[in-house]
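Enquirer: Below is the file coords00.tsv, which contains TSV, C-alpha atoms and all ligand atoms.
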```tsv
chain	number	residue	atom	x	y	z
A	1	MET	CA	104.93	29.55	-19.71
A	2	ASN	CA	106.56	31.84	-22.21
A	3	ARG	CA	107.60	35.10	-20.57
A	4	ALA	CA	110.18	36.16	-23.12
A	5	ARG	CA	109.92	39.61	-24.65
A	6	HIS	CA	110.08	39.51	-28.44
A	7	PHE	CA	110.44	42.09	-31.18
A	8	LEU	CA	108.51	40.84	-34.17
A	9	ALA	CA	106.83	43.56	-36.21
A	10	VAL	CA	105.89	47.21	-36.19
A	11	ALA	CA	102.28	46.07	-36.60
A	12	SER	CA	102.39	44.33	-33.21
A	13	THR	CA	104.40	46.99	-31.37
A	14	SER	CA	102.62	49.64	-29.33
A	15	ARG	CA	103.32	53.29	-30.00
A	16	ALA	CA	104.59	53.61	-26.42
A	17	ARG	CA	107.15	50.81	-26.85
A	18	TRP	CA	108.19	52.20	-30.24
A	19	LEU	CA	108.78	55.67	-28.79
A	20	ALA	CA	110.73	54.21	-25.86
A	21	LEU	CA	112.94	52.19	-28.24
A	22	LEU	CA	113.49	55.26	-30.38
A	23	GLU	CA	114.45	57.33	-27.35
A	24	GLN	CA	116.84	54.62	-26.14
A	25	THR	CA	118.38	54.40	-29.65
A	26	ARG	CA	119.02	58.15	-29.63
A	27	ALA	CA	120.36	58.17	-26.09
A	28	LEU	CA	122.78	55.35	-26.90
A	29	ALA	CA	124.01	57.23	-29.97
A	30	ARG	CA	124.55	60.41	-27.92
A	31	GLY	CA	126.55	58.37	-25.44
A	32	GLU	CA	124.20	59.58	-22.70
A	33	ALA	CA	122.33	56.41	-21.92
A	34	HIS	CA	123.47	54.05	-19.25
A	35	VAL	CA	124.58	51.17	-21.53
A	36	PRO	CA	122.65	48.13	-20.33
A	37	SER	CA	124.84	45.11	-19.72
A	38	LEU	CA	123.95	41.83	-21.37
A	39	ARG	CA	126.99	40.11	-19.87
A	40	GLY	CA	126.14	36.46	-19.34
A	41	HIS	CA	123.51	36.48	-22.09
A	42	ASN	CA	123.81	34.48	-25.27
A	43	VAL	CA	122.58	35.87	-28.57
A	44	VAL	CA	122.35	33.64	-31.65
A	45	THR	CA	121.96	35.10	-35.14
A	46	LEU	CA	120.18	32.73	-37.50
A	47	PHE	CA	120.10	34.22	-40.99
A	48	LEU	CA	118.47	32.02	-43.60
A	49	GLU	CA	118.69	34.73	-46.24
A	50	PRO	CA	121.71	36.80	-47.25
A	51	SER	CA	122.55	39.89	-45.21
A	52	THR	CA	125.45	42.27	-44.81
A	53	ARG	CA	124.31	45.26	-42.73
A	54	THR	CA	121.64	43.67	-40.55
A	55	ARG	CA	123.66	40.63	-39.54
A	56	ALA	CA	126.89	42.51	-38.84
A	57	SER	CA	125.15	45.22	-36.85
A	58	PHE	CA	123.16	42.76	-34.71
A	59	GLU	CA	126.41	41.00	-33.92
A	60	LEU	CA	128.24	44.23	-33.12
A	61	ALA	CA	125.26	45.46	-31.07
A	62	ALA	CA	125.17	42.28	-28.98
A	63	ARG	CA	128.93	42.46	-28.37
A	64	ARG	CA	128.76	46.15	-27.49
A	65	LEU	CA	126.30	45.16	-24.73
A	66	GLY	CA	128.65	42.46	-23.47
A	67	ALA	CA	126.67	39.43	-24.70
A	68	ASP	CA	128.23	36.32	-26.20
A	69	VAL	CA	127.26	35.89	-29.84
A	70	VAL	CA	127.05	32.84	-32.07
A	71	ASP	CA	126.33	33.26	-35.75
A	72	LEU	CA	124.75	30.19	-37.26
A	73	SER	CA	125.10	30.22	-41.02
A	74	PRO	CA	122.66	27.86	-42.70
A	75	SER	CA	125.24	26.27	-44.99
A	76	SER	CA	127.27	25.07	-42.00
A	77	SER	CA	124.32	24.06	-39.79
A	78	SER	CA	122.05	21.01	-39.72
A	79	LEU	CA	119.30	23.04	-41.38
A	80	VAL	CA	120.86	21.82	-44.64
A	81	LYS	CA	120.39	18.25	-43.35
A	82	GLY	CA	116.66	18.91	-43.05
A	83	GLU	CA	116.40	19.82	-39.37
A	84	SER	CA	113.38	22.06	-38.86
A	85	LEU	CA	113.84	25.65	-37.77
A	86	LEU	CA	111.91	24.93	-34.57
A	87	ASP	CA	114.15	21.96	-33.70
A	88	THR	CA	117.23	24.06	-34.44
A	89	ALA	CA	115.92	26.88	-32.26
A	90	ARG	CA	115.04	24.51	-29.39
A	91	ASN	CA	118.55	23.04	-29.50
A	92	LEU	CA	120.05	26.52	-29.38
A	93	GLU	CA	117.81	27.28	-26.41
A	94	ALA	CA	118.99	24.10	-24.67
A	95	MET	CA	122.53	25.48	-24.97
A	96	GLY	CA	121.43	28.68	-23.27
A	97	ALA	CA	120.48	31.00	-26.11
A	98	ASP	CA	118.59	33.94	-24.57
A	99	ALA	CA	117.78	35.65	-27.86
A	100	ILE	CA	117.50	34.29	-31.37
A	101	VAL	CA	117.73	36.86	-34.15
A	102	VAL	CA	116.00	35.35	-37.18
A	103	ARG	CA	115.91	36.24	-40.86
A	104	HIS	CA	113.79	33.93	-42.99
A	105	ARG	CA	112.39	33.99	-46.51
A	106	VAL	CA	108.92	32.93	-45.34
A	107	SER	CA	106.73	35.76	-44.04
A	108	GLY	CA	105.53	35.20	-40.47
A	109	THR	CA	108.28	32.75	-39.43
A	110	PRO	CA	109.52	34.72	-36.37
A	111	THR	CA	105.95	35.31	-35.18
A	112	ARG	CA	105.16	31.60	-35.42
A	113	LEU	CA	108.40	30.64	-33.67
A	114	ALA	CA	108.11	33.08	-30.77
A	115	PRO	CA	105.32	31.44	-28.70
A	116	LEU	CA	107.06	28.06	-28.95
A	117	LEU	CA	110.32	29.24	-27.36
A	118	ARG	CA	111.52	30.53	-24.00
A	119	ALA	CA	114.16	32.68	-25.75
A	120	SER	CA	113.38	36.13	-27.11
A	121	VAL	CA	112.82	36.13	-30.85
A	122	VAL	CA	113.94	39.20	-32.78
A	123	ASN	CA	112.80	39.59	-36.38
A	124	ALA	CA	115.66	40.53	-38.70
A	125	GLY	CA	113.42	40.39	-41.79
A	126	ASP	CA	110.73	37.84	-42.69
A	127	GLY	CA	109.91	37.38	-46.38
A	128	THR	CA	107.98	40.35	-47.68
A	129	ASN	CA	106.33	41.00	-44.32
A	130	GLU	CA	108.38	43.15	-41.93
A	131	HIS	CA	111.87	44.32	-41.01
A	132	PRO	CA	111.12	46.21	-37.79
A	133	THR	CA	114.68	47.10	-36.74
A	134	GLN	CA	115.18	48.75	-40.16
A	135	ALA	CA	112.11	50.90	-39.48
A	136	LEU	CA	113.49	51.81	-36.05
A	137	LEU	CA	116.85	52.89	-37.46
A	138	ASP	CA	115.07	54.74	-40.27
A	139	CYS	CA	112.95	56.67	-37.74
A	140	ALA	CA	116.10	57.55	-35.78
A	141	THR	CA	117.85	58.72	-38.97
A	142	ILE	CA	114.92	60.96	-39.91
A	143	LEU	CA	114.70	62.43	-36.40
A	144	ALA	CA	118.42	63.25	-36.51
A	145	HIS	CA	117.77	65.45	-39.56
A	146	LYS	CA	114.20	66.68	-39.18
A	147	GLU	CA	113.66	66.59	-35.39
A	148	ARG	CA	110.14	65.24	-35.88
A	149	ILE	CA	108.27	62.72	-38.00
A	150	GLU	CA	104.75	64.04	-37.45
A	151	GLY	CA	103.57	66.02	-40.47
A	152	LEU	CA	106.54	65.08	-42.70
A	153	ARG	CA	105.89	64.05	-46.29
A	154	ILE	CA	107.69	60.76	-46.86
A	155	ALA	CA	107.86	59.03	-50.25
A	156	ILE	CA	108.76	55.33	-50.42
A	157	VAL	CA	109.67	54.52	-54.02
A	158	GLY	CA	110.27	51.25	-55.85
A	159	ASP	CA	109.41	47.60	-55.39
A	160	VAL	CA	107.03	48.09	-52.48
A	161	LEU	CA	105.20	44.83	-53.16
A	162	HIS	CA	108.20	42.68	-52.22
A	163	SER	CA	109.71	44.97	-49.62
A	164	ARG	CA	109.49	44.17	-45.92
A	165	VAL	CA	111.33	47.45	-45.32
A	166	ALA	CA	108.53	49.39	-47.05
A	167	ARG	CA	105.87	47.67	-44.93
A	168	SER	CA	107.66	48.30	-41.64
A	169	ASP	CA	108.65	51.85	-42.61
A	170	ALA	CA	105.16	52.81	-43.81
A	171	ARG	CA	103.57	51.47	-40.62
A	172	ALA	CA	106.09	53.18	-38.35
A	173	PHE	CA	106.01	56.52	-40.17
A	174	ALA	CA	102.18	56.51	-40.25
A	175	MET	CA	102.08	55.58	-36.53
A	176	LEU	CA	104.19	58.68	-35.83
A	177	GLY	CA	101.97	60.96	-37.91
A	178	ALA	CA	103.79	61.30	-41.24
A	179	HIS	CA	102.04	61.51	-44.62
A	180	VAL	CA	103.36	58.48	-46.47
A	181	ARG	CA	103.25	58.07	-50.25
A	182	LEU	CA	104.05	54.73	-51.86
A	183	CYS	CA	105.21	54.93	-55.47
A	184	GLY	CA	106.31	52.55	-58.20
A	185	PRO	CA	104.88	50.72	-61.21
A	186	PRO	CA	101.31	49.44	-60.75
A	187	SER	CA	102.62	45.85	-60.84
A	188	LEU	CA	104.85	46.58	-57.81
A	189	VAL	CA	102.63	49.06	-55.94
A	190	PRO	CA	99.05	47.75	-56.00
A	191	GLU	CA	96.33	50.00	-54.61
A	192	ALA	CA	95.72	47.54	-51.76
A	193	LEU	CA	98.99	48.68	-50.15
A	194	GLY	CA	97.13	51.82	-49.12
A	195	ALA	CA	95.98	49.69	-46.18
A	196	LEU	CA	99.41	50.42	-44.65
A	197	GLY	CA	98.13	53.92	-43.91
A	198	ALA	CA	99.65	55.45	-47.05
A	199	GLU	CA	98.65	57.13	-50.27
A	200	VAL	CA	99.42	55.09	-53.41
A	201	THR	CA	100.63	56.80	-56.59
A	202	HIS	CA	102.30	55.49	-59.73
A	203	ASP	CA	103.63	58.88	-60.77
A	204	LEU	CA	107.14	59.51	-59.46
A	205	ASP	CA	106.98	63.29	-59.95
A	206	CYS	CA	103.81	63.42	-57.81
A	207	ALA	CA	105.42	61.26	-55.13
A	208	LEU	CA	108.53	63.45	-54.96
A	209	GLU	CA	106.66	66.78	-55.03
A	210	GLY	CA	107.42	68.52	-51.73
A	211	ALA	CA	108.73	65.32	-50.09
A	212	ASP	CA	110.88	65.85	-46.98
A	213	VAL	CA	112.17	62.30	-47.01
A	214	VAL	CA	112.57	59.85	-49.89
A	215	VAL	CA	113.18	56.15	-49.26
A	216	ALA	CA	114.37	54.35	-52.41
A	217	LEU	CA	113.97	50.58	-52.59
A	218	ARG	CA	115.84	47.87	-54.45
A	219	LEU	CA	114.07	45.76	-57.07
A	220	GLN	CA	113.79	42.43	-55.23
A	221	HIS	CA	114.52	40.14	-58.18
A	222	GLU	CA	114.77	37.13	-55.87
A	223	ARG	CA	111.11	37.49	-54.87
A	224	GLN	CA	109.63	38.58	-58.19
A	225	GLN	CA	107.69	36.58	-60.68
A	226	SER	CA	108.74	37.30	-64.22
A	227	GLY	CA	106.91	40.00	-66.14
A	228	LEU	CA	106.41	42.44	-63.26
A	229	VAL	CA	109.00	44.81	-64.73
A	230	THR	CA	109.32	45.05	-68.51
A	231	SER	CA	113.00	46.06	-68.54
A	232	LEU	CA	115.50	47.75	-66.24
A	233	ARG	CA	115.71	50.59	-68.74
A	234	ASP	CA	111.94	51.19	-68.65
A	235	TYR	CA	111.95	50.91	-64.87
A	236	ARG	CA	114.70	53.46	-64.56
A	237	MET	CA	112.94	55.86	-66.90
A	238	GLY	CA	109.70	55.62	-64.95
A	239	TRP	CA	110.80	55.27	-61.35
A	240	GLY	CA	114.57	55.78	-61.15
A	241	ILE	CA	115.42	58.81	-58.99
A	242	ASP	CA	117.90	61.19	-60.61
A	243	ALA	CA	119.06	64.76	-60.01
A	244	ARG	CA	116.43	66.24	-62.34
A	245	ARG	CA	113.58	64.57	-60.52
A	246	TRP	CA	115.10	65.26	-57.11
A	247	ARG	CA	114.46	68.99	-57.73
A	248	ARG	CA	110.78	68.37	-56.94
A	249	THR	CA	111.52	67.47	-53.32
A	250	ALA	CA	111.27	69.97	-50.47
A	251	PRO	CA	114.35	72.07	-49.59
A	252	GLY	CA	116.65	70.04	-47.33
A	253	ALA	CA	115.03	66.72	-48.29
A	254	ILE	CA	116.99	63.59	-47.40
A	255	LEU	CA	117.51	60.45	-49.47
A	256	MET	CA	117.42	57.08	-47.73
A	257	HIS	CA	117.93	53.50	-48.92
A	258	PRO	CA	118.09	50.33	-46.81
A	259	GLY	CA	120.78	48.84	-49.06
A	260	PRO	CA	121.99	47.09	-51.07
A	261	VAL	CA	121.82	49.97	-53.58
A	262	HIS	CA	121.57	49.25	-57.29
A	263	ARG	CA	123.21	52.38	-58.58
A	264	GLY	CA	121.73	53.65	-61.82
A	265	VAL	CA	118.55	51.59	-61.38
A	266	GLU	CA	116.47	52.86	-58.44
A	267	VAL	CA	118.75	55.81	-57.73
A	268	ASP	CA	121.64	57.52	-59.53
A	269	SER	CA	125.13	57.40	-58.05
A	270	ASP	CA	125.50	61.17	-57.82
A	271	LEU	CA	122.43	61.31	-55.57
A	272	ALA	CA	123.38	58.24	-53.53
A	273	ASP	CA	126.77	59.85	-52.80
A	274	GLY	CA	125.55	63.46	-52.67
A	275	PRO	CA	124.87	65.78	-49.75
A	276	GLN	CA	121.20	64.74	-49.58
A	277	SER	CA	122.11	61.09	-49.01
A	278	VAL	CA	121.93	59.72	-45.46
A	279	ILE	CA	122.38	56.10	-46.56
A	280	LEU	CA	125.53	55.47	-44.54
A	281	GLU	CA	124.08	57.31	-41.55
A	282	GLN	CA	121.24	54.78	-41.61
A	283	VAL	CA	123.83	52.03	-41.27
A	284	ARG	CA	125.37	53.80	-38.28
A	285	TRP	CA	121.96	54.15	-36.60
A	286	GLY	CA	121.43	50.42	-37.15
A	287	LEU	CA	123.97	49.62	-34.45
A	288	PHE	CA	122.22	51.75	-31.81
A	289	ALA	CA	118.73	50.63	-32.83
A	290	ARG	CA	119.72	46.97	-32.50
A	291	MET	CA	121.41	47.62	-29.16
A	292	ALA	CA	118.17	49.21	-27.95
A	293	VAL	CA	116.07	46.27	-29.17
A	294	LEU	CA	118.32	43.55	-27.72
A	295	ALA	CA	118.55	45.36	-24.38
A	296	ASP	CA	114.78	45.82	-24.30
A	297	CYS	CA	114.13	42.14	-25.04
A	298	LEU	CA	116.77	40.69	-22.74
A	299	ASP	CA	117.36	43.00	-19.82
A	300	GLY	CA	117.98	40.92	-16.73
A	301	THR	CA	116.44	37.68	-17.95
A	302	PRO	CA	119.20	35.18	-18.70
A	303	THR	CA	117.79	31.67	-19.06
A	304	GLU	CA	119.24	28.65	-17.26
A	305	ALA	CA	121.12	26.41	-19.67
B	1	LIG	C1	116.80	44.93	-46.92
B	1	LIG	C2	116.24	43.56	-46.61
B	1	LIG	O1	116.95	42.57	-46.56
B	1	LIG	O2	115.04	43.52	-46.42
B	1	LIG	N1	118.15	45.07	-46.63
B	1	LIG	C3	118.53	45.34	-45.34
B	1	LIG	O3	118.22	44.64	-44.43
B	1	LIG	N2	119.23	46.48	-45.15
B	1	LIG	C4	116.40	45.46	-48.23
B	1	LIG	C5	116.84	44.72	-49.48
B	1	LIG	O4	117.32	43.60	-49.44
B	1	LIG	O5	116.65	45.31	-50.55
```
Kindly return the structure encoded in the file as structure tokens.
Ligand code: NCD
Expert:
Amino acid sequence: MNRARHFLAVASTSRARWLALLEQTRALARGEAHVPSLRGHNVVTLFLEPSTRTRASFELAARRLGADVVDLSPSSSSLVKGESLLDTARNLEAMGADAIVVRHRVSGTPTRLAPLLRASVVNAGDGTNEHPTQALLDCATILAHKERIEGLRIAIVGDVLHSRVARSDARAFAMLGAHVRLCGPPSLVPEALGALGAEVTHDLDCALEGADVVVALRLQHERQQSGLVTSLRDYRMGWGIDARRWRRTAPGAILMHPGPVHRGVEVDSDLADGPQSVILEQVRWGLFARMAVLADCLDGTPTEA
């Protein structure tokens, strides 16, 4: 029987669990929470797509909780010899892995893996589907500045179609009562994305009008078919966020970006480095959010090797 507790998607997380994780994230950051000990637990990070922030912060989070961490890079593992992900995961489990943090280019991979394992599966980004720990750290970042999410106007701008961050963010923000607008070229923001509980617009000025929070997204070239964007110059003219356009946002609006930032494409450098930018704060919150998630999944349940 599989009794492990997983963290797979905002879509499959209850509001109560989300709020508890958010509260724990904030308490850990304030230094007020009793830091749960994961001593004796083994956490494996299995990233089959590139990552800087997510991978490093999961590793730091696991260490901060006292767990042992193994990072399995695909180029040095038997995945390159054709071993399936499930076989790899089962072997890691046989060595005593209690949690497997997975990033994979195919949407749904962590959700398919989870019921087949005794270890907890934590989604660190699956294809274009979800990136739930990014949404958790984004909620924590917004709360640190705005003290609430309910009623805020939040614009998510850019390549929404290919962005797992946009899907997780939109779901989480809508679950907490924000008014979410998704904006970008029609080829990258189809109307159907309104199903995420958001308003869809292709006009950047409309999206930014009165926004309290703006989340800029990278153009995900690695997932795009050709022809979706005519040229970087056209894209920038239509949907690049610069100081002139920023003036439409609400007073005290904050600028977020999950990284990596393409300066001068989706957002200008002076904004990304300006007083409205909370981009590096997001990275800081990532550590506490991932500590909260690992502790929630693993607390007191080490498996027998
Ligand atoms: C994002 C990702 O990988 O989904 N990055 C991240 O985890 N901070 C966004 C991106 O790659 O553009």
Enquirer: Can you list, as a ChimeraX atom specification, every protein, DNA or RNA residue that comes within 7 Å of His6 (chain A) when you count only C-alpha atoms, leaving out same-chain residues fewer than 4 positions away?
Expert: /A:120-122,297
Enquirer: Please report the interatomic distance between CA of Gln282 (chain A) and CA of Glu150 (chain A) in Å with one decimal.
Expert: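 Those two atoms sit 19.4 Å apart.
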Enquirer: Give me the residues of chain A that have any atom at most 6 Å from an atom of ligand LIG 1 (chain B); for each, the nearest atom pair and the distance in Å, rounded to one decimal. Use all atoms listed in the file, sort by chain and number, and format it as CSV.
Expert:
```
residue,atom,partner,partner_atom,distance
A:Arg53,CA,B:LIG1,N2,5.8
A:Thr54,CA,B:LIG1,O3,5.3
A:Gly125,CA,B:LIG1,O2,5.8
A:Arg164,CA,B:LIG1,O2,5.6
A:Val165,CA,B:LIG1,O2,5.5
A:Arg218,CA,B:LIG1,O5,4.7
A:Pro258,CA,B:LIG1,N2,4.3
A:Gly259,CA,B:LIG1,N2,4.8
A:Pro260,CA,B:LIG1,O5,5.7
```
Enquirer: With a distance cut-off of 7 Å and only C-alpha atoms, select the neighbouring residues of His41 (chain A), excluding the residue or stretch itself and same-chain residues fewer than 2 positions from it, and output the selection as a list in words.
Expert: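 Surrounding residues, per the criterion: Leu38, Arg39, Val43, Ala67, Asp68, Asp98 and Pro302 of chain A.
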Enquirer: When you count only C-alpha atoms, which of these residues is closest to Arg247 (chain A): A:His221, A:Leu208, A:Ser231, A:Val265?
Expert: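 Using only C-alpha atoms, the shortest distance to Arg247 (chain A) belongs to A:Leu208.
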Enquirer: So, counting all atoms listed in the file, which residue among A:Leu72, A:Ile154, A:Val215, A:Ile241 is closest to Glu199 (chain A)?
Expert: A:Ile154
Enquirer: Name all residues at most 10 Å from region 63-66 of chain A (count all atoms listed in the file; drop same-chain ones fewer than 2 positions away) and give them as a ChimeraX atom specification.
Expert: /A:35-43,57-61,68-69,287-288,291-292,294-295
Enquirer: Go through A:Thr141, A:Thr88, A:Ser77, A:Thr111 and flag the residue nearest Met256 (chain A), using only C-alpha atoms for the distances.
Expert: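 Closest to Met256 (chain A), using only C-alpha atoms: A:Thr141.
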